[in-house]
>>> print(open('upload13.cif').read())   # mmCIF, C-alpha atoms
data_query
loop_
_atom_site.group_PDB
_atom_site.id
_atom_site.type_symbol
_atom_site.label_atom_id
_atom_site.label_comp_id
_atom_site.auth_asym_id
_atom_site.auth_seq_id
_atom_site.Cartn_x
_atom_site.Cartn_y
_atom_site.Cartn_z
ATOM 1 C CA LEU I 234 0.000 0.000 0.000
ATOM 2 C CA THR I 235 1.360 3.399 -0.855
ATOM 3 C CA CYS I 236 2.389 5.554 2.100
ATOM 4 C CA GLY I 237 0.402 8.549 0.814
ATOM 5 C CA GLN I 238 -3.124 8.762 2.040
ATOM 6 C CA CYS I 239 -6.068 9.125 -0.277
ATOM 7 C CA PRO I 240 -6.837 12.826 -0.887
ATOM 8 C CA ALA I 241 -10.575 12.195 -0.789
ATOM 9 C CA PRO I 242 -12.154 12.593 2.675
ATOM 10 C CA ALA I 243 -14.574 10.030 4.022
ATOM 11 C CA SER I 244 -17.514 12.278 3.098
ATOM 12 C CA ARG I 245 -16.586 11.872 -0.574
ATOM 13 C CA ARG I 246 -16.858 8.098 -0.662
ATOM 14 C CA ALA I 247 -18.710 8.360 -3.975
ATOM 15 C CA HIS I 248 -15.375 9.374 -5.492
ATOM 16 C CA HIS I 249 -14.377 5.710 -5.334
ATOM 17 C CA ARG I 250 -17.578 4.068 -6.456
ATOM 18 C CA GLY I 251 -17.525 2.995 -10.078
ATOM 19 C CA LYS I 252 -14.503 5.163 -10.874
ATOM 20 C CA PRO I 253 -10.831 4.328 -11.265
ATOM 21 C CA ARG I 254 -8.903 4.960 -8.063
ATOM 22 C CA SER I 255 -6.038 7.392 -7.985
ATOM 23 C CA ARG I 256 -2.473 6.170 -7.518
ATOM 24 C CA ALA I 257 -2.705 7.431 -3.930
ATOM 25 C CA CYS I 258 -5.369 4.786 -3.341
ATOM 26 C CA SER I 259 -3.510 1.924 -4.991
ATOM 27 C CA VAL I 260 -2.843 -1.187 -2.959
ATOM 28 C CA ARG I 261 -0.020 -3.688 -3.095
ATOM 29 C CA MET I 262 0.962 -6.444 -0.721
ATOM 30 C CA SER I 263 3.162 -4.470 1.675
ATOM 31 C CA GLY I 264 4.004 -0.899 2.636
ATOM 32 C CA HIS I 265 6.887 1.215 3.782
ATOM 33 C CA ALA I 266 6.083 1.793 7.414
ATOM 34 C CA GLY I 267 6.532 -0.285 10.533
ATOM 35 C CA SER I 268 5.319 -1.323 13.904
ATOM 36 C CA SER I 269 5.884 -1.054 17.568
ATOM 37 C CA PRO I 270 5.753 -4.194 19.719
ATOM 38 C CA ALA I 271 2.211 -4.987 20.778
ATOM 39 C CA PRO I 272 1.890 -4.601 24.542
ATOM 40 C CA ARG I 273 0.935 -7.753 26.410
ATOM 41 C CA PHE I 274 -2.207 -7.402 28.460
ATOM 42 C CA SER I 275 -1.620 -8.007 32.131
ATOM 43 C CA GLY I 276 -3.240 -7.200 35.426
ATOM 44 C CA HIS I 277 -5.047 -8.653 38.393
ATOM 45 C CA PRO I 278 -8.703 -9.531 37.836
ATOM 46 C CA ARG I 279 -11.243 -7.559 39.770
ATOM 47 C CA ARG I 280 -14.965 -8.179 39.976
ATOM 48 C CA PRO I 281 -16.470 -5.584 37.598
ATOM 49 C CA PHE I 282 -19.936 -5.288 36.229
ATOM 50 C CA VAL I 283 -19.892 -7.162 32.929
ATOM 51 C CA ARG I 284 -22.681 -7.235 30.423
ATOM 52 C CA THR I 285 -23.088 -9.079 27.152
ATOM 53 C CA PRO I 286 -23.931 -7.408 23.832
ATOM 54 C CA ARG I 287 -27.563 -6.678 23.136
ATOM 55 C CA ARG I 288 -29.071 -6.932 19.691
ATOM 56 C CA SER I 289 -28.664 -3.736 17.733
ATOM 57 C CA PRO I 290 -31.801 -1.834 16.683
ATOM 58 C CA VAL I 291 -30.323 -1.228 13.208
ATOM 59 C CA SER I 292 -32.972 -2.250 10.692
ATOM 60 C CA THR I 293 -32.290 -4.841 8.017
ATOM 61 C CA ALA I 294 -32.102 -3.971 4.345
ATOM 62 C CA ALA I 295 -35.420 -5.706 3.749
ATOM 63 C CA SER I 296 -37.191 -3.281 6.103
ATOM 64 C CA THR I 297 -35.787 -0.084 4.627
ATOM 65 C CA SER I 298 -37.548 1.919 1.965
ATOM 66 C CA GLY I 299 -35.434 1.094 -1.068
ATOM 67 C CA ARG I 300 -32.271 2.635 0.315
ATOM 68 C CA GLY I 301 -30.226 -0.495 -0.356
ATOM 69 C CA LEU I 302 -27.859 -2.426 1.884
ATOM 70 C CA ARG I 303 -25.556 -0.923 4.446
ATOM 71 C CA ARG I 304 -22.037 -1.572 3.174
ATOM 72 C CA SER I 305 -19.465 -2.526 5.798
ATOM 73 C CA LEU I 306 -15.683 -2.602 6.010
ATOM 74 C CA VAL I 307 -14.115 -5.131 8.391
ATOM 75 C CA LEU I 308 -10.461 -4.599 9.259
ATOM 76 C CA LEU I 309 -8.569 -7.498 10.795
ATOM 77 C CA ASP I 310 -5.261 -7.456 12.581
ATOM 78 C CA ARG I 311 -3.085 -10.360 11.407
ATOM 79 C CA ASP I 312 -0.939 -11.946 14.151
ATOM 80 C CA GLY I 313 -3.093 -13.281 16.980
ATOM 81 C CA VAL I 314 -6.323 -12.767 15.025
ATOM 82 C CA ILE I 315 -5.947 -14.540 11.668
ATOM 83 C CA ASN I 316 -2.810 -16.540 12.435
ATOM 84 C CA GLU I 317 -1.328 -17.865 15.636
ATOM 85 C CA ASP I 318 0.963 -15.351 17.327
ATOM 86 C CA VAL I 319 4.478 -16.790 17.510
ATOM 87 C CA GLY I 320 5.870 -13.964 19.638
ATOM 88 C CA SER I 321 8.496 -11.379 18.804
ATOM 89 C CA PRO I 322 9.748 -10.742 16.147
ATOM 90 C CA GLY I 323 6.737 -12.345 14.460
ATOM 91 C CA VAL I 324 6.335 -14.723 11.537
ATOM 92 C CA CYS I 325 9.617 -14.628 9.625
ATOM 93 C CA HIS I 326 9.107 -17.713 7.454
ATOM 94 C CA VAL I 327 6.120 -19.093 5.573
ATOM 95 C CA ASP I 328 6.375 -22.381 7.479
ATOM 96 C CA ASP I 329 5.684 -20.516 10.735
ATOM 97 C CA PHE I 330 2.356 -19.188 9.465
ATOM 98 C CA ARG I 331 -0.548 -21.162 10.946
ATOM 99 C CA LEU I 332 -4.176 -20.034 10.910
ATOM 100 C CA VAL I 333 -6.138 -19.537 14.113
ATOM 101 C CA PRO I 334 -8.928 -22.164 14.131
ATOM 102 C CA GLY I 335 -12.052 -20.663 12.596
ATOM 103 C CA ALA I 336 -10.298 -17.717 10.930
ATOM 104 C CA ALA I 337 -11.033 -18.905 7.398
ATOM 105 C CA ALA I 338 -14.674 -19.614 8.254
ATOM 106 C CA ALA I 339 -14.999 -16.149 9.816
ATOM 107 C CA ILE I 340 -13.695 -14.360 6.737
ATOM 108 C CA ALA I 341 -15.887 -16.471 4.448
ATOM 109 C CA LYS I 342 -18.971 -15.560 6.508
ATOM 110 C CA LEU I 343 -18.142 -11.866 6.351
ATOM 111 C CA LYS I 344 -17.557 -11.955 2.602
ATOM 112 C CA ARG I 345 -20.783 -13.859 1.947
ATOM 113 C CA ALA I 346 -22.600 -11.162 3.922
ATOM 114 C CA GLY I 347 -21.238 -8.567 1.504
ATOM 115 C CA ALA I 348 -18.515 -7.060 3.701
ATOM 116 C CA THR I 349 -15.198 -5.768 2.430
ATOM 117 C CA VAL I 350 -12.458 -7.488 4.460
ATOM 118 C CA CYS I 351 -8.936 -6.094 4.802
ATOM 119 C CA VAL I 352 -5.862 -6.886 6.890
ATOM 120 C CA VAL I 353 -4.149 -4.077 8.840
ATOM 121 C CA THR I 354 -0.893 -5.195 10.415
ATOM 122 C CA ASN I 355 2.372 -3.925 11.914
ATOM 123 C CA GLN I 356 5.405 -5.950 10.795
ATOM 124 C CA THR I 357 8.579 -4.707 12.472
ATOM 125 C CA CYS I 358 10.443 -7.775 11.253
ATOM 126 C CA VAL I 359 10.910 -5.955 7.937
ATOM 127 C CA GLY I 360 12.204 -2.777 9.557
ATOM 128 C CA LYS I 361 14.606 -4.857 11.658
ATOM 129 C CA GLY I 362 16.002 -6.499 8.543
ATOM 130 C CA LEU I 363 14.802 -9.974 9.548
ATOM 131 C CA VAL I 364 12.431 -10.293 6.587
ATOM 132 C CA THR I 365 12.492 -8.593 3.196
ATOM 133 C CA GLU I 366 9.356 -7.077 1.672
ATOM 134 C CA LEU I 367 9.509 -9.807 -0.979
ATOM 135 C CA GLU I 368 9.550 -12.479 1.734
ATOM 136 C CA LEU I 369 6.656 -10.744 3.496
ATOM 137 C CA ASP I 370 4.722 -10.886 0.231
ATOM 138 C CA GLY I 371 5.369 -14.629 0.199
ATOM 139 C CA ILE I 372 4.021 -14.988 3.736
ATOM 140 C CA HIS I 373 0.875 -13.150 2.708
ATOM 141 C CA ARG I 374 0.474 -15.351 -0.366
ATOM 142 C CA ARG I 375 0.660 -18.290 2.002
ATOM 143 C CA MET I 376 -2.021 -16.678 4.158
ATOM 144 C CA ARG I 377 -4.334 -16.266 1.172
ATOM 145 C CA ASP I 378 -3.711 -19.866 0.084
ATOM 146 C CA LEU I 379 -4.456 -21.278 3.550
ATOM 147 C CA LEU I 380 -7.618 -19.209 3.871
ATOM 148 C CA ARG I 381 -8.847 -20.442 0.501
ATOM 149 C CA GLU I 382 -7.962 -24.070 1.344
ATOM 150 C CA GLU I 383 -9.873 -23.986 4.632
ATOM 151 C CA GLY I 384 -12.691 -21.570 3.836
ATOM 152 C CA GLY I 385 -13.213 -21.868 0.101
ATOM 153 C CA GLU I 386 -13.207 -19.089 -2.461
ATOM 154 C CA ASP I 387 -15.282 -16.844 -0.180
ATOM 155 C CA ALA I 388 -12.428 -16.666 2.341
ATOM 156 C CA SER I 389 -10.668 -13.871 0.477
ATOM 157 C CA ILE I 390 -8.937 -10.662 1.554
ATOM 158 C CA ASP I 391 -9.654 -7.459 -0.386
ATOM 159 C CA SER I 392 -6.423 -5.680 0.565
ATOM 160 C CA ILE I 393 -3.489 -5.936 2.956
ATOM 161 C CA HIS I 394 -2.122 -2.816 4.649
ATOM 162 C CA VAL I 395 1.293 -3.157 6.276
ATOM 163 C CA ALA I 396 3.492 -0.846 8.350
ATOM 164 C CA THR I 397 7.079 -2.058 8.546
ATOM 165 C CA THR I 398 9.325 0.532 10.219
ATOM 166 C CA VAL I 399 10.586 0.057 13.764
ATOM 167 C CA SER I 400 9.137 1.977 16.702
ATOM 168 C CA THR I 401 12.104 4.350 16.915
ATOM 169 C CA ILE I 402 11.153 5.882 13.562
ATOM 170 C CA PRO I 403 8.165 8.285 13.673
ATOM 171 C CA CYS I 404 5.312 7.001 11.541
ATOM 172 C CA ASP I 405 1.656 7.985 11.299
ATOM 173 C CA ARG I 406 0.735 4.636 9.710
ATOM 174 C CA ARG I 407 2.031 2.321 12.397
ATOM 175 C CA LYS I 408 -0.565 1.322 14.967
ATOM 176 C CA PRO I 409 -1.580 2.820 17.393
ATOM 177 C CA SER I 410 -1.584 5.685 14.857
ATOM 178 C CA PRO I 411 -4.633 5.542 12.583
ATOM 179 C CA GLY I 412 -2.873 5.911 9.220
ATOM 180 C CA MET I 413 -3.478 2.416 7.861
ATOM 181 C CA VAL I 414 -7.082 2.390 9.066
ATOM 182 C CA LEU I 415 -7.722 5.693 7.291
ATOM 183 C CA GLU I 416 -5.994 4.347 4.167
ATOM 184 C CA ALA I 417 -8.218 1.291 4.067
ATOM 185 C CA MET I 418 -11.374 3.359 4.560
ATOM 186 C CA ALA I 419 -10.357 5.797 1.820
ATOM 187 C CA ALA I 420 -9.236 3.095 -0.617
ATOM 188 C CA HIS I 421 -12.550 1.232 -0.353
ATOM 189 C CA GLY I 422 -14.855 4.202 0.188
ATOM 190 C CA PHE I 423 -16.054 3.809 3.774
ATOM 191 C CA ALA I 424 -16.744 6.173 6.676
ATOM 192 C CA PRO I 425 -15.967 5.346 10.331
ATOM 193 C CA ASP I 426 -19.595 4.443 11.064
ATOM 194 C CA ASP I 427 -19.394 1.744 8.355
ATOM 195 C CA THR I 428 -16.118 0.288 9.640
ATOM 196 C CA CYS I 429 -15.318 -2.466 12.165
ATOM 197 C CA PHE I 430 -11.859 -3.277 13.529
ATOM 198 C CA VAL I 431 -11.091 -6.706 15.025
ATOM 199 C CA GLY I 432 -7.774 -6.939 16.882
ATOM 200 C CA ASP I 433 -6.045 -8.499 19.871
ATOM 201 C CA THR I 434 -4.045 -5.584 21.316
ATOM 202 C CA ALA I 435 -4.501 -2.214 22.941
ATOM 203 C CA THR I 436 -2.771 -0.596 19.960
ATOM 204 C CA ASP I 437 -5.388 -2.100 17.620
ATOM 205 C CA MET I 438 -8.185 -0.516 19.643
ATOM 206 C CA GLN I 439 -6.328 2.822 19.749
ATOM 207 C CA ALA I 440 -5.757 2.876 15.985
ATOM 208 C CA ALA I 441 -9.439 2.133 15.391
ATOM 209 C CA PHE I 442 -10.628 4.831 17.795
ATOM 210 C CA ARG I 443 -8.237 7.452 16.416
ATOM 211 C CA ALA I 444 -9.527 6.800 12.898
ATOM 212 C CA GLY I 445 -12.994 7.819 14.088
ATOM 213 C CA ALA I 446 -15.118 7.295 17.179
ATOM 214 C CA GLY I 447 -17.736 5.575 15.014
ATOM 215 C CA VAL I 448 -15.469 2.628 14.198
ATOM 216 C CA THR I 449 -16.796 -0.522 15.900
ATOM 217 C CA ARG I 450 -14.021 -1.986 18.081
ATOM 218 C CA VAL I 451 -13.764 -5.703 18.821
ATOM 219 C CA LEU I 452 -11.044 -7.399 20.892
ATOM 220 C CA VAL I 453 -10.544 -11.147 20.505
ATOM 221 C CA GLY I 454 -9.441 -13.589 23.194
ATOM 222 C CA THR I 455 -6.610 -15.020 21.103
ATOM 223 C CA GLY I 456 -3.042 -13.749 20.867
ATOM 224 C CA TYR I 457 -2.387 -10.830 23.210
ATOM 225 C CA GLY I 458 -6.104 -10.538 23.962
ATOM 226 C CA GLU I 459 -6.277 -13.886 25.751
ATOM 227 C CA PRO I 460 -5.635 -12.540 29.302
ATOM 228 C CA VAL I 461 -8.464 -10.017 28.940
ATOM 229 C CA TYR I 462 -10.953 -12.604 27.710
ATOM 230 C CA GLU I 463 -9.918 -15.127 30.363
ATOM 231 C CA ALA I 464 -10.328 -12.518 33.129
ATOM 232 C CA LEU I 465 -13.788 -11.540 31.883
ATOM 233 C CA LEU I 466 -14.761 -15.192 31.631
ATOM 234 C CA ARG I 467 -13.652 -15.841 35.205
ATOM 235 C CA VAL I 468 -15.645 -12.875 36.529
ATOM 236 C CA SER I 469 -18.696 -14.153 34.655
ATOM 237 C CA ALA I 470 -18.140 -17.680 35.989
ATOM 238 C CA GLU I 471 -17.878 -16.460 39.571
ATOM 239 C CA THR I 472 -21.115 -14.548 39.131
ATOM 240 C CA GLU I 473 -22.961 -17.469 37.529
ATOM 241 C CA THR I 474 -21.771 -19.991 40.128
ATOM 242 C CA GLU I 475 -22.224 -17.566 43.043
ATOM 243 C CA GLY I 476 -18.560 -17.834 43.950
ATOM 244 C CA ASP I 477 -18.508 -21.617 44.218
ATOM 245 C CA ASP I 478 -14.836 -22.323 43.427
ATOM 246 C CA ALA I 479 -15.565 -25.992 42.788
ATOM 247 C CA ASN I 480 -17.818 -25.096 39.852
ATOM 248 C CA VAL I 481 -15.979 -22.084 38.401
ATOM 249 C CA GLY I 482 -13.487 -24.139 36.387
ATOM 250 C CA GLY I 483 -16.155 -26.362 34.870
ATOM 251 C CA TRP I 484 -18.333 -23.396 33.922
ATOM 252 C CA MET I 485 -15.381 -21.643 32.274
ATOM 253 C CA ALA I 486 -14.465 -24.739 30.279
ATOM 254 C CA LYS I 487 -18.059 -25.133 29.088
ATOM 255 C CA GLU I 488 -18.527 -21.490 28.086
ATOM 256 C CA LYS I 489 -14.962 -20.741 26.963
ATOM 257 C CA THR I 490 -15.679 -20.097 23.275
ATOM 258 C CA LYS I 491 -19.268 -18.881 23.607
ATOM 259 C CA LYS I 492 -19.266 -15.777 25.755
ATOM 260 C CA ARG I 493 -19.129 -12.188 24.530
ATOM 261 C CA PHE I 494 -18.610 -9.155 26.712
ATOM 262 C CA VAL I 495 -19.061 -5.422 26.328
ATOM 263 C CA VAL I 496 -16.517 -3.375 28.244
ATOM 264 C CA ASP I 497 -18.081 0.076 28.229
ATOM 265 C CA VAL I 498 -16.666 1.608 31.421
ATOM 266 C CA PRO I 499 -13.192 1.240 32.969
ATOM 267 C CA LYS I 500 -14.456 -0.758 35.965
ATOM 268 C CA ALA I 501 -15.803 -3.416 33.572
ATOM 269 C CA ASP I 502 -12.227 -4.285 32.530
ATOM 270 C CA PRO I 503 -10.834 -6.684 35.164
ATOM 271 C CA THR I 504 -7.282 -6.262 33.815
ATOM 272 C CA ASP I 505 -7.397 -2.455 33.516
ATOM 273 C CA THR I 506 -5.492 -2.710 30.224
ATOM 274 C CA ILE I 507 -7.995 -1.660 27.566
ATOM 275 C CA PRO I 508 -7.336 2.058 26.927
ATOM 276 C CA ARG I 509 -10.175 4.038 28.459
ATOM 277 C CA GLU I 510 -10.582 6.351 25.494
ATOM 278 C CA THR I 511 -11.345 3.364 23.237
ATOM 279 C CA LEU I 512 -14.368 2.156 25.209
ATOM 280 C CA PRO I 513 -16.823 0.662 24.471
ATOM 281 C CA VAL I 514 -15.027 -2.447 23.233
ATOM 282 C CA THR I 515 -16.727 -5.777 22.597
ATOM 283 C CA VAL I 516 -14.620 -8.779 23.630
ATOM 284 C CA CYS I 517 -15.168 -12.102 21.839
ATOM 285 C CA ALA I 518 -13.462 -15.483 22.178
ATOM 286 C CA ASN I 519 -11.947 -15.469 18.680
ATOM 287 C CA VAL I 520 -12.335 -14.006 15.200
ATOM 288 C CA GLU I 521 -15.075 -16.461 14.204
ATOM 289 C CA GLU I 522 -17.128 -15.504 17.256
ATOM 290 C CA ALA I 523 -16.447 -11.845 16.413
ATOM 291 C CA ALA I 524 -17.767 -12.353 12.884
ATOM 292 C CA ASP I 525 -20.899 -14.057 14.219
ATOM 293 C CA MET I 526 -21.437 -11.191 16.661
ATOM 294 C CA LEU I 527 -21.109 -8.561 13.929
ATOM 295 C CA LEU I 528 -23.635 -10.399 11.787
ATOM 296 C CA GLU I 529 -26.088 -11.230 14.573
ATOM 297 C CA THR I 530 -26.161 -7.692 15.948
ATOM 298 C CA ARG I 531 -26.510 -6.384 12.398
ATOM 299 C CA VAL I 532 -23.412 -4.238 12.550
ATOM 300 C CA ILE I 533 -22.984 -5.885 9.158
ATOM 301 C CA GLU I 534 -26.093 -6.271 7.044
ATOM 302 C CA VAL I 535 -26.607 -9.633 5.399
ATOM 303 C CA GLU I 536 -26.924 -9.264 1.650
ATOM 304 C CA LEU I 537 -30.197 -10.797 0.506
#
>>> encode(input="upload13.cif", output="structure tokens")
Amino acid sequence: LTCGQCPAPASRRAHHRGKPRSRACSVRMSGHAGSSPAPRFSGHPRRPFVRTPRRSPVSTAASTSGRGLRRSLVLLDRDGVINEDVGSPGVCHVDDFRLVPGAAAAIAKLKRAGATVCVVTNQTCVGKGLVTELELDGIHRRMRDLLREEGGEDASIDSIHVATTVSTIPCDRRKPSPGMVLEAMAAHGFAPDDTCFVGDTATDMQAAFRAGAGVTRVLVGTGYGEPVYEALLRVSAETETEGDDANVGGWMAKEKTKKRFVVDVPKADPTDTIPRETLPVTVCANVEEAADMLLETRVIEVEL
């Protein structure tokens, strides 16, 4: 993806519809900028008030008066969301790239619903000289191949946005800066209110929020997001079992991949690691559960 941002503001999305995109909007497999290490979530669980997402009142396309479907852009972080996080410095060889279970199915569901799906990822391994941009392209070809093998032709990615410079070099594209999120929205013609970001780190949530308060923010319980999800699950288990320690473990094991949580106030975060300015954040077990949530709450409209 080119480092220049699209000159057209979000309010001029029609500029992109049915017209050739400018060179500033062109997309290739990798970019020039880089990433800072994603902070690991940590903290001591407290007992906050936790609620689960309610169904959104957004009306379906079938109930609107001929206004057509609501188009949606879903941005996915890569490591820890689509593929298993292997730790610093990240995936440096194609053989180390392994999909998170359900990732291909999630992307296929989103695409069948009519969403545009893009990857937004920091890759400092390039800036550190551990991987060349050509090798990174190969890793992303492997990602596309694995998604197609597991999820069929629907499990496709519309564009990949990469920041590659190290954290010591100033960059407005590298998360938590919103540059890549804004690029993706401009390149595909979406406003913040039509955009969802699914990530596993605090920097993902910050990048999404800084691109526009209307961006829907979802944290998954895989990768760096696992401690947050586990803490929320434990609080929920203690509530459901009325503090019976003998039953907490069994309840957590039974509900591990099913629960969703909305963290809308700081006290609802038992780890105190989700940046306050990014709230509310919905926390789901994994990317497939996140996709189901987006579809069920009609954040994404199903194309009929």
>>> residues_around(input="upload13.cif", residues="I:Cys325", least_positions_apart="2", cutoff="9 Å", atoms="only C-alpha atoms", output="PyMOL selection string")
chain I and resi 322-323+327-330+358-359+363-364+368-369+372
>>> closest_residue(input="upload13.cif", among="I:Asp497, I:Asp426, I:Asp525, I:Asp387", to="I:Leu512", atoms="all atoms listed in the file")
I:Asp497
>>> resolve_selection(input="upload13.cif", expression="the PyMOL selection byres ((chain I and resi 394) around 6)", output="PyMOL selection string")
chain I and resi 234+352-353+393+395
>>> write_last_selection(input="upload13.cif", atoms="C-alpha atoms", output="mmCIF file, in the frame of the given file")
data_model
loop_
_atom_site.group_PDB
_atom_site.id
_atom_site.type_symbol
_atom_site.label_atom_id
_atom_site.label_comp_id
_atom_site.auth_asym_id
_atom_site.auth_seq_id
_atom_site.Cartn_x
_atom_site.Cartn_y
_atom_site.Cartn_z
ATOM 1 C CA LEU I 234 0.000 0.000 0.000
ATOM 2 C CA VAL I 352 -5.862 -6.886 6.890
ATOM 3 C CA VAL I 353 -4.149 -4.077 8.840
ATOM 4 C CA ILE I 393 -3.489 -5.936 2.956
ATOM 5 C CA VAL I 395 1.293 -3.157 6.276
#
>>> atom_distance(input="upload13.cif", atom1="atom CA of I:Gln356", atom2="atom CA of I:Asp318")
12.3 Å
>>> resolve_selection(input="upload13.cif", expression="the PyMOL selection byres ((chain I and resi 443) around 10)", output="list of chain:residue names")
I:Lys408, I:Pro409, I:Ser410, I:Pro411, I:Gly412, I:Val414, I:Leu415, I:Met438, I:Gln439, I:Ala440, I:Ala441, I:Phe442, I:Ala444, I:Gly445, I:Ala446, I:Gly447, I:Val448, I:Glu510, I:Thr511
>>> write_last_selection(input="upload13.cif", atoms="C-alpha atoms", output="CSV table (one decimal), keeping the file's coordinate frame")
chain,number,residue,atom,x,y,z
I,408,LYS,CA,-0.6,1.3,15.0
I,409,PRO,CA,-1.6,2.8,17.4
I,410,SER,CA,-1.6,5.7,14.9
I,411,PRO,CA,-4.6,5.5,12.6
I,412,GLY,CA,-2.9,5.9,9.2
I,414,VAL,CA,-7.1,2.4,9.1
I,415,LEU,CA,-7.7,5.7,7.3
I,438,MET,CA,-8.2,-0.5,19.6
I,439,GLN,CA,-6.3,2.8,19.7
I,440,ALA,CA,-5.8,2.9,16.0
I,441,ALA,CA,-9.4,2.1,15.4
I,442,PHE,CA,-10.6,4.8,17.8
I,444,ALA,CA,-9.5,6.8,12.9
I,445,GLY,CA,-13.0,7.8,14.1
I,446,ALA,CA,-15.1,7.3,17.2
I,447,GLY,CA,-17.7,5.6,15.0
I,448,VAL,CA,-15.5,2.6,14.2
I,510,GLU,CA,-10.6,6.4,25.5
I,511,THR,CA,-11.3,3.4,23.2
>>> atom_distance(input="upload13.cif", atom1="atom CA of I:Thr349", atom2="atom CA of I:Leu306")
4.8 Å
>>> build_atoms(input="upload13.cif", residues="stretch 444-456 of chain I", atoms="N, CA, C and O atoms", output="PDB file, in the frame of the given file")
ATOM      1  N   ALA I 444      -9.053   6.639  14.282  1.00  0.00           N
ATOM      2  CA  ALA I 444      -9.527   6.800  12.898  1.00  0.00           C
ATOM      3  C   ALA I 444     -10.952   7.326  12.864  1.00  0.00           C
ATOM      4  O   ALA I 444     -11.431   7.746  11.815  1.00  0.00           O
ATOM      5  N   GLY I 445     -11.627   7.318  14.008  1.00  0.00           N
ATOM      6  CA  GLY I 445     -12.994   7.819  14.088  1.00  0.00           C
ATOM      7  C   GLY I 445     -13.746   7.113  15.187  1.00  0.00           C
ATOM      8  O   GLY I 445     -13.712   5.880  15.278  1.00  0.00           O
ATOM      9  N   ALA I 446     -14.418   7.881  16.028  1.00  0.00           N
ATOM     10  CA  ALA I 446     -15.118   7.295  17.179  1.00  0.00           C
ATOM     11  C   ALA I 446     -16.207   6.320  16.740  1.00  0.00           C
ATOM     12  O   ALA I 446     -16.604   5.445  17.507  1.00  0.00           O
ATOM     13  N   GLY I 447     -16.680   6.453  15.492  1.00  0.00           N
ATOM     14  CA  GLY I 447     -17.736   5.575  15.014  1.00  0.00           C
ATOM     15  C   GLY I 447     -17.281   4.191  14.622  1.00  0.00           C
ATOM     16  O   GLY I 447     -18.110   3.315  14.356  1.00  0.00           O
ATOM     17  N   VAL I 448     -15.970   3.952  14.557  1.00  0.00           N
ATOM     18  CA  VAL I 448     -15.469   2.628  14.198  1.00  0.00           C
ATOM     19  C   VAL I 448     -15.827   1.628  15.306  1.00  0.00           C
ATOM     20  O   VAL I 448     -15.526   1.856  16.480  1.00  0.00           O
ATOM     21  N   THR I 449     -16.464   0.526  14.942  1.00  0.00           N
ATOM     22  CA  THR I 449     -16.796  -0.522  15.900  1.00  0.00           C
ATOM     23  C   THR I 449     -15.524  -1.259  16.290  1.00  0.00           C
ATOM     24  O   THR I 449     -14.775  -1.718  15.427  1.00  0.00           O
ATOM     25  N   ARG I 450     -15.273  -1.405  17.598  1.00  0.00           N
ATOM     26  CA  ARG I 450     -14.021  -1.986  18.081  1.00  0.00           C
ATOM     27  C   ARG I 450     -14.287  -3.320  18.770  1.00  0.00           C
ATOM     28  O   ARG I 450     -15.089  -3.394  19.704  1.00  0.00           O
ATOM     29  N   VAL I 451     -13.582  -4.351  18.293  1.00  0.00           N
ATOM     30  CA  VAL I 451     -13.764  -5.703  18.821  1.00  0.00           C
ATOM     31  C   VAL I 451     -12.391  -6.270  19.189  1.00  0.00           C
ATOM     32  O   VAL I 451     -11.473  -6.273  18.366  1.00  0.00           O
ATOM     33  N   LEU I 452     -12.267  -6.750  20.417  1.00  0.00           N
ATOM     34  CA  LEU I 452     -11.044  -7.399  20.892  1.00  0.00           C
ATOM     35  C   LEU I 452     -11.295  -8.897  20.977  1.00  0.00           C
ATOM     36  O   LEU I 452     -12.325  -9.320  21.502  1.00  0.00           O
ATOM     37  N   VAL I 453     -10.371  -9.695  20.453  1.00  0.00           N
ATOM     38  CA  VAL I 453     -10.544 -11.147  20.505  1.00  0.00           C
ATOM     39  C   VAL I 453      -9.691 -11.756  21.615  1.00  0.00           C
ATOM     40  O   VAL I 453      -8.662 -11.200  22.011  1.00  0.00           O
ATOM     41  N   GLY I 454     -10.125 -12.913  22.097  1.00  0.00           N
ATOM     42  CA  GLY I 454      -9.441 -13.589  23.194  1.00  0.00           C
ATOM     43  C   GLY I 454      -8.364 -14.542  22.741  1.00  0.00           C
ATOM     44  O   GLY I 454      -8.077 -15.529  23.422  1.00  0.00           O
ATOM     45  N   THR I 455      -7.762 -14.265  21.589  1.00  0.00           N
ATOM     46  CA  THR I 455      -6.610 -15.020  21.103  1.00  0.00           C
ATOM     47  C   THR I 455      -5.424 -14.073  21.044  1.00  0.00           C
ATOM     48  O   THR I 455      -5.585 -12.854  21.122  1.00  0.00           O
ATOM     49  N   GLY I 456      -4.213 -14.612  20.905  1.00  0.00           N
ATOM     50  CA  GLY I 456      -3.042 -13.749  20.867  1.00  0.00           C
ATOM     51  C   GLY I 456      -2.899 -12.970  22.153  1.00  0.00           C
ATOM     52  O   GLY I 456      -3.093 -13.489  23.263  1.00  0.00           O
TER      53      GLY I 456
END
